[in-house]
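J.: Please see the structure below; I have some questions.
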Amino acid sequence: DQQVKQNSPSLSVQEGRISILNCDYTNSMFDYFLWYKKYPAEGPTFLISISSIKDKNEDGRFTVFLNKSAKHLSLHIVPSQPGDSAVYFCAASGSGGSNYKLTFGKGTLLTVNP
Amino acid sequence: GAGVSQSPSNKVTEKGKDVELRCDPISGHTALYWYRQSLGQGLEFLIYFQGNSAPDKSGLPSDRFSAERTGGSVSTLTIQRTQQEDSAVYLCASSLFSDTQYFGPGTRLTVL
């Protein structure tokens, strides 16, 4: 039973446009959400996070939106650049004693075309 | 500074053999994690070490899997009597307490 779902395996956008990556979760105990970016043959690198007490967090070209009632979050990249081409993983963790345990989605492959 | 390193980067083994995967975390990080990513799947939590506390082994898929962390630093993940379904990329991460996890490049394990 997948608790974190990324329903789009891939996404292709033009350079300069907005990339929107989506993520849904089912576990209402999740209260912290992260996005990781992964290039081939490398480990995932942390990109941006959001706590459930917020609905938006922005860092440069990257913004994460959280809709708790819909159990949905999205990552916006504006403007998209060819170097953003990578697999993006959504991850979530819960409160309490096991807040270190991240549950990941399957990832979305983003391709930014020049 | 140096990031998380893992060795070997690739490992091919025969079914039934034992394998050991190594992780060197970022110096000073108190927490160390192992995950695995099977083909087409997300990362799956395996085990968590935090300081001198008892590890959280709840993600280990079977008793063929075990992990140690010696001296609060280097960790070894051991898989005994490997099976083909163990083929995956095994990723190690470390963090300062339960802060942001920083991942190594992974070990790609192929069981023939």
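Convention: chains lettered A, B, ... in structure tokens order; per-chain residue numbering from 1; ligands numbered from 1 as shown.
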So that I can check the surroundings of B:Gly28, please list as a ChimeraX atom specification every protein, DNA and RNA residue that reaches within 9 Å of it, counting only C-alpha atoms and ignoring chain neighbours fewer than 6 positions away.
T.: /B:73,95-96
J.: Near stretch 104-108 of chain B, within 7 Å and counting only C-alpha atoms, which residues show up once chain neighbours fewer than 3 positions away are dropped, as an NGL selection string?
T.: (:A and (41-43)) or (:B and (4-11 or 88-93))
J.: When DSSP is applied to the backbone of this structure, which of chain A are assigned helix (DSSP H, G or I)? Write them out as a list of chain:residue names.
T.: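 Going through chain A, the helix (DSSP H, G or I) residues come out as A:Pro82, A:Gly83, A:Asp84, A:Gly96, A:Gly97, A:Ser98.
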J.: List the spatial neighbours of A:Ser74 as a PyMOL selection string - criterion: any atom at most 8 Å away, only C-alpha atoms, same-chain residues fewer than 3 positions off excluded.
T.: chain A and resi 20-23+64-66
J.: Find the residues of chain B in contact range of chain A, meaning any atom within 9 Å when counting only C-alpha atoms, and list them as number ranges by chain.
T.: B: 33, 40-45, 47-48, 56, 91-93, 97-106
J.: Emit the selected residues as a PDB file, in the first residue's frame, including N, CA, C and O atoms.
T.:
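Contents of the output file out02.pdb:
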```pdb
ATOM      1  N   TYR B  33      21.278   6.035   8.071  1.00  0.00           N
ATOM      2  CA  TYR B  33      20.117   5.324   7.544  1.00  0.00           C
ATOM      3  C   TYR B  33      20.552   4.460   6.369  1.00  0.00           C
ATOM      4  O   TYR B  33      21.430   4.841   5.614  1.00  0.00           O
ATOM      5  N   GLY B  40      12.064   0.704 -10.524  1.00  0.00           N
ATOM      6  CA  GLY B  40      10.739   1.289 -10.682  1.00  0.00           C
ATOM      7  C   GLY B  40      10.037   1.640  -9.392  1.00  0.00           C
ATOM      8  O   GLY B  40       8.847   1.984  -9.403  1.00  0.00           O
ATOM      9  N   GLN B  41      10.756   1.550  -8.292  1.00  0.00           N
ATOM     10  CA  GLN B  41      10.136   1.837  -6.995  1.00  0.00           C
ATOM     11  C   GLN B  41      10.780   3.051  -6.335  1.00  0.00           C
ATOM     12  O   GLN B  41      11.838   3.519  -6.750  1.00  0.00           O
ATOM     13  N   GLY B  42      10.123   3.551  -5.311  1.00  0.00           N
ATOM     14  CA  GLY B  42      10.716   4.600  -4.504  1.00  0.00           C
ATOM     15  C   GLY B  42      11.705   4.029  -3.515  1.00  0.00           C
ATOM     16  O   GLY B  42      11.888   2.810  -3.435  1.00  0.00           O
ATOM     17  N   LEU B  43      12.328   4.890  -2.769  1.00  0.00           N
ATOM     18  CA  LEU B  43      13.268   4.428  -1.752  1.00  0.00           C
ATOM     19  C   LEU B  43      12.498   3.809  -0.590  1.00  0.00           C
ATOM     20  O   LEU B  43      11.498   4.349  -0.126  1.00  0.00           O
ATOM     21  N   GLU B  44      12.991   2.676  -0.127  1.00  0.00           N
ATOM     22  CA  GLU B  44      12.349   1.926   0.940  1.00  0.00           C
ATOM     23  C   GLU B  44      13.257   1.936   2.158  1.00  0.00           C
ATOM     24  O   GLU B  44      14.412   1.508   2.082  1.00  0.00           O
ATOM     25  N   PHE B  45      12.751   2.415   3.282  1.00  0.00           N
ATOM     26  CA  PHE B  45      13.527   2.481   4.524  1.00  0.00           C
ATOM     27  C   PHE B  45      13.890   1.084   5.008  1.00  0.00           C
ATOM     28  O   PHE B  45      13.045   0.182   5.020  1.00  0.00           O
ATOM     29  N   ILE B  47      16.824   0.604   7.805  1.00  0.00           N
ATOM     30  CA  ILE B  47      17.298   0.617   9.185  1.00  0.00           C
ATOM     31  C   ILE B  47      17.835   2.007   9.532  1.00  0.00           C
ATOM     32  O   ILE B  47      18.264   2.748   8.641  1.00  0.00           O
ATOM     33  N   TYR B  48      17.791   2.341  10.807  1.00  0.00           N
ATOM     34  CA  TYR B  48      18.188   3.670  11.296  1.00  0.00           C
ATOM     35  C   TYR B  48      19.026   3.507  12.556  1.00  0.00           C
ATOM     36  O   TYR B  48      18.645   2.779  13.470  1.00  0.00           O
ATOM     37  N   ASP B  56      16.673   1.181  14.836  1.00  0.00           N
ATOM     38  CA  ASP B  56      15.326   0.842  14.368  1.00  0.00           C
ATOM     39  C   ASP B  56      15.482  -0.061  13.150  1.00  0.00           C
ATOM     40  O   ASP B  56      15.827   0.413  12.076  1.00  0.00           O
ATOM     41  N   LEU B  91      21.078   2.509  -0.703  1.00  0.00           N
ATOM     42  CA  LEU B  91      21.501   3.884  -0.432  1.00  0.00           C
ATOM     43  C   LEU B  91      21.672   4.091   1.064  1.00  0.00           C
ATOM     44  O   LEU B  91      20.852   3.641   1.869  1.00  0.00           O
ATOM     45  N   CYS B  92      22.722   4.783   1.401  1.00  0.00           N
ATOM     46  CA  CYS B  92      22.998   5.156   2.781  1.00  0.00           C
ATOM     47  C   CYS B  92      22.820   6.661   2.902  1.00  0.00           C
ATOM     48  O   CYS B  92      23.106   7.412   1.950  1.00  0.00           O
ATOM     49  N   ALA B  93      22.341   7.115   4.034  1.00  0.00           N
ATOM     50  CA  ALA B  93      22.214   8.543   4.296  1.00  0.00           C
ATOM     51  C   ALA B  93      22.669   8.813   5.725  1.00  0.00           C
ATOM     52  O   ALA B  93      22.661   7.919   6.572  1.00  0.00           O
ATOM     53  N   PHE B  97      21.464  14.431  14.033  1.00  0.00           N
ATOM     54  CA  PHE B  97      20.247  14.043  14.744  1.00  0.00           C
ATOM     55  C   PHE B  97      19.195  13.660  13.702  1.00  0.00           C
ATOM     56  O   PHE B  97      19.482  12.832  12.850  1.00  0.00           O
ATOM     57  N   SER B  98      17.987  14.224  13.740  1.00  0.00           N
ATOM     58  CA  SER B  98      16.970  13.848  12.755  1.00  0.00           C
ATOM     59  C   SER B  98      16.754  14.940  11.731  1.00  0.00           C
ATOM     60  O   SER B  98      15.680  15.068  11.164  1.00  0.00           O
ATOM     61  N   ASP B  99      17.796  15.694  11.488  1.00  0.00           N
ATOM     62  CA  ASP B  99      17.721  16.788  10.519  1.00  0.00           C
ATOM     63  C   ASP B  99      17.788  16.229   9.094  1.00  0.00           C
ATOM     64  O   ASP B  99      17.668  15.022   8.900  1.00  0.00           O
ATOM     65  N   THR B 100      17.995  17.102   8.141  1.00  0.00           N
ATOM     66  CA  THR B 100      18.015  16.727   6.722  1.00  0.00           C
ATOM     67  C   THR B 100      18.957  15.555   6.473  1.00  0.00           C
ATOM     68  O   THR B 100      20.097  15.549   6.923  1.00  0.00           O
ATOM     69  N   GLN B 101      18.462  14.570   5.702  1.00  0.00           N
ATOM     70  CA  GLN B 101      19.261  13.394   5.384  1.00  0.00           C
ATOM     71  C   GLN B 101      20.053  13.647   4.104  1.00  0.00           C
ATOM     72  O   GLN B 101      19.496  14.076   3.097  1.00  0.00           O
ATOM     73  N   TYR B 102      21.334  13.350   4.159  1.00  0.00           N
ATOM     74  CA  TYR B 102      22.228  13.492   3.012  1.00  0.00           C
ATOM     75  C   TYR B 102      22.609  12.094   2.549  1.00  0.00           C
ATOM     76  O   TYR B 102      23.107  11.284   3.333  1.00  0.00           O
ATOM     77  N   PHE B 103      22.387  11.852   1.257  1.00  0.00           N
ATOM     78  CA  PHE B 103      22.551  10.512   0.713  1.00  0.00           C
ATOM     79  C   PHE B 103      23.907  10.312   0.031  1.00  0.00           C
ATOM     80  O   PHE B 103      24.470  11.232  -0.558  1.00  0.00           O
ATOM     81  N   GLY B 104      24.371   9.085   0.095  1.00  0.00           N
ATOM     82  CA  GLY B 104      25.520   8.667  -0.692  1.00  0.00           C
ATOM     83  C   GLY B 104      25.082   8.282  -2.093  1.00  0.00           C
ATOM     84  O   GLY B 104      23.883   8.287  -2.403  1.00  0.00           O
ATOM     85  N   PRO B 105      26.038   7.894  -2.953  1.00  0.00           N
ATOM     86  CA  PRO B 105      25.716   7.573  -4.349  1.00  0.00           C
ATOM     87  C   PRO B 105      25.085   6.201  -4.522  1.00  0.00           C
ATOM     88  O   PRO B 105      24.547   5.905  -5.590  1.00  0.00           O
ATOM     89  N   GLY B 106      25.135   5.379  -3.481  1.00  0.00           N
ATOM     90  CA  GLY B 106      24.499   4.070  -3.558  1.00  0.00           C
ATOM     91  C   GLY B 106      25.418   2.969  -4.037  1.00  0.00           C
ATOM     92  O   GLY B 106      26.468   3.212  -4.642  1.00  0.00           O
TER      93      GLY B 106
END
```
J.: Counting only C-alpha atoms, figure out which residue out of B:Val12, B:Ala2, B:Ala54, B:Val19 gets nearest to B:Gly72.
T.: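 Of B:Val12, B:Ala2, B:Ala54, B:Val19, the one nearest B:Gly72 is B:Ala54, counting only C-alpha atoms.
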J.: Atom CA of A:Phe33 and atom CA of A:Asp84 are how many Å apart?
T.: 20.0 Å
J.: Find the spatial neighbours of B:Glu68, counting only C-alpha atoms, within a cut-off of 12 Å - ignore same-chain residues fewer than 2 positions away - and output them as a compact mmCIF listing (two decimals) with N, CA, C and O atoms, in the first residue's frame.
T.:
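This is the output file around-v6.txt:
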```txt
# COMPACT_ATOMS: atom_id res chain seq x y z
N GLU B 20 28.54 -7.74 1.62
CA GLU B 20 28.66 -6.65 2.60
C GLU B 20 28.78 -5.33 1.86
O GLU B 20 29.59 -5.20 0.94
N LEU B 21 27.96 -4.38 2.27
CA LEU B 21 27.98 -3.06 1.68
C LEU B 21 28.41 -2.07 2.76
O LEU B 21 27.94 -2.15 3.90
N ARG B 22 29.25 -1.12 2.37
CA ARG B 22 29.82 -0.22 3.36
C ARG B 22 29.34 1.21 3.15
O ARG B 22 29.16 1.65 2.01
N CYS B 23 29.20 1.92 4.27
CA CYS B 23 28.81 3.33 4.23
C CYS B 23 29.68 4.14 5.18
O CYS B 23 29.81 3.79 6.35
N LEU B 32 22.43 7.59 11.00
CA LEU B 32 22.76 6.91 9.75
C LEU B 32 21.59 6.03 9.35
O LEU B 32 20.96 5.39 10.20
N TYR B 33 21.28 6.03 8.07
CA TYR B 33 20.12 5.32 7.54
C TYR B 33 20.55 4.46 6.37
O TYR B 33 21.43 4.84 5.61
N TRP B 34 19.85 3.35 6.20
CA TRP B 34 19.95 2.56 4.98
C TRP B 34 18.58 2.50 4.31
O TRP B 34 17.56 2.28 4.99
N ILE B 47 16.82 0.60 7.81
CA ILE B 47 17.30 0.62 9.19
C ILE B 47 17.83 2.01 9.53
O ILE B 47 18.26 2.75 8.64
N TYR B 48 17.79 2.34 10.81
CA TYR B 48 18.19 3.67 11.30
C TYR B 48 19.03 3.51 12.56
O TYR B 48 18.65 2.78 13.47
N PHE B 49 20.17 4.20 12.57
CA PHE B 49 21.04 4.27 13.75
C PHE B 49 21.08 5.71 14.22
O PHE B 49 21.23 6.63 13.44
N GLN B 50 20.99 5.89 15.54
CA GLN B 50 21.11 7.23 16.12
C GLN B 50 21.98 7.12 17.36
O GLN B 50 21.56 6.56 18.37
N ASN B 52 24.15 6.13 20.25
CA ASN B 52 24.32 4.84 20.92
C ASN B 52 22.99 4.13 21.19
O ASN B 52 22.96 3.09 21.85
N ALA B 54 19.53 1.96 20.52
CA ALA B 54 19.24 0.74 19.76
C ALA B 54 18.71 1.11 18.38
O ALA B 54 17.88 2.01 18.25
N PRO B 55 19.21 0.46 17.32
CA PRO B 55 18.76 0.82 15.98
C PRO B 55 17.30 0.44 15.74
O PRO B 55 16.77 -0.48 16.36
N ASP B 56 16.67 1.18 14.84
CA ASP B 56 15.33 0.84 14.37
C ASP B 56 15.48 -0.06 13.15
O ASP B 56 15.83 0.41 12.08
N LYS B 57 15.21 -1.34 13.33
CA LYS B 57 15.40 -2.32 12.26
C LYS B 57 14.09 -2.68 11.57
O LYS B 57 14.01 -3.68 10.86
N PHE B 65 18.96 -9.98 6.36
CA PHE B 65 19.53 -8.64 6.34
C PHE B 65 19.95 -8.24 7.75
O PHE B 65 19.18 -8.41 8.71
N SER B 66 21.13 -7.66 7.87
CA SER B 66 21.57 -7.12 9.15
C SER B 66 22.50 -5.94 8.89
O SER B 66 23.03 -5.79 7.78
N THR B 70 29.80 0.69 13.58
CA THR B 70 30.91 0.58 14.53
C THR B 70 31.41 1.96 14.93
O THR B 70 31.63 2.82 14.07
N GLY B 71 31.59 2.15 16.23
CA GLY B 71 32.16 3.39 16.73
C GLY B 71 31.35 4.63 16.39
O GLY B 71 31.88 5.75 16.37
N GLY B 72 30.08 4.43 16.12
CA GLY B 72 29.22 5.57 15.80
C GLY B 72 29.53 6.21 14.46
O GLY B 72 29.09 7.34 14.19
N SER B 73 30.28 5.49 13.60
CA SER B 73 30.63 6.09 12.31
C SER B 73 30.27 5.16 11.16
O SER B 73 29.12 5.07 10.78
N VAL B 74 31.24 4.40 10.68
CA VAL B 74 31.07 3.54 9.51
C VAL B 74 30.00 2.47 9.78
O VAL B 74 29.89 1.95 10.88
N SER B 75 29.22 2.19 8.73
CA SER B 75 28.19 1.15 8.84
C SER B 75 28.37 0.11 7.74
O SER B 75 28.81 0.43 6.63
N THR B 76 28.03 -1.12 8.06
CA THR B 76 28.05 -2.21 7.09
C THR B 76 26.68 -2.86 7.07
O THR B 76 26.13 -3.21 8.12
N LEU B 77 26.13 -2.99 5.86
CA LEU B 77 24.88 -3.72 5.65
C LEU B 77 25.25 -5.08 5.07
O LEU B 77 25.95 -5.15 4.06
N THR B 78 24.82 -6.13 5.73
CA THR B 78 25.14 -7.49 5.29
C THR B 78 23.87 -8.19 4.85
O THR B 78 22.84 -8.13 5.54
N ILE B 79 23.95 -8.81 3.68
CA ILE B 79 22.84 -9.62 3.19
C ILE B 79 23.37 -11.04 3.04
O ILE B 79 24.32 -11.30 2.30
```
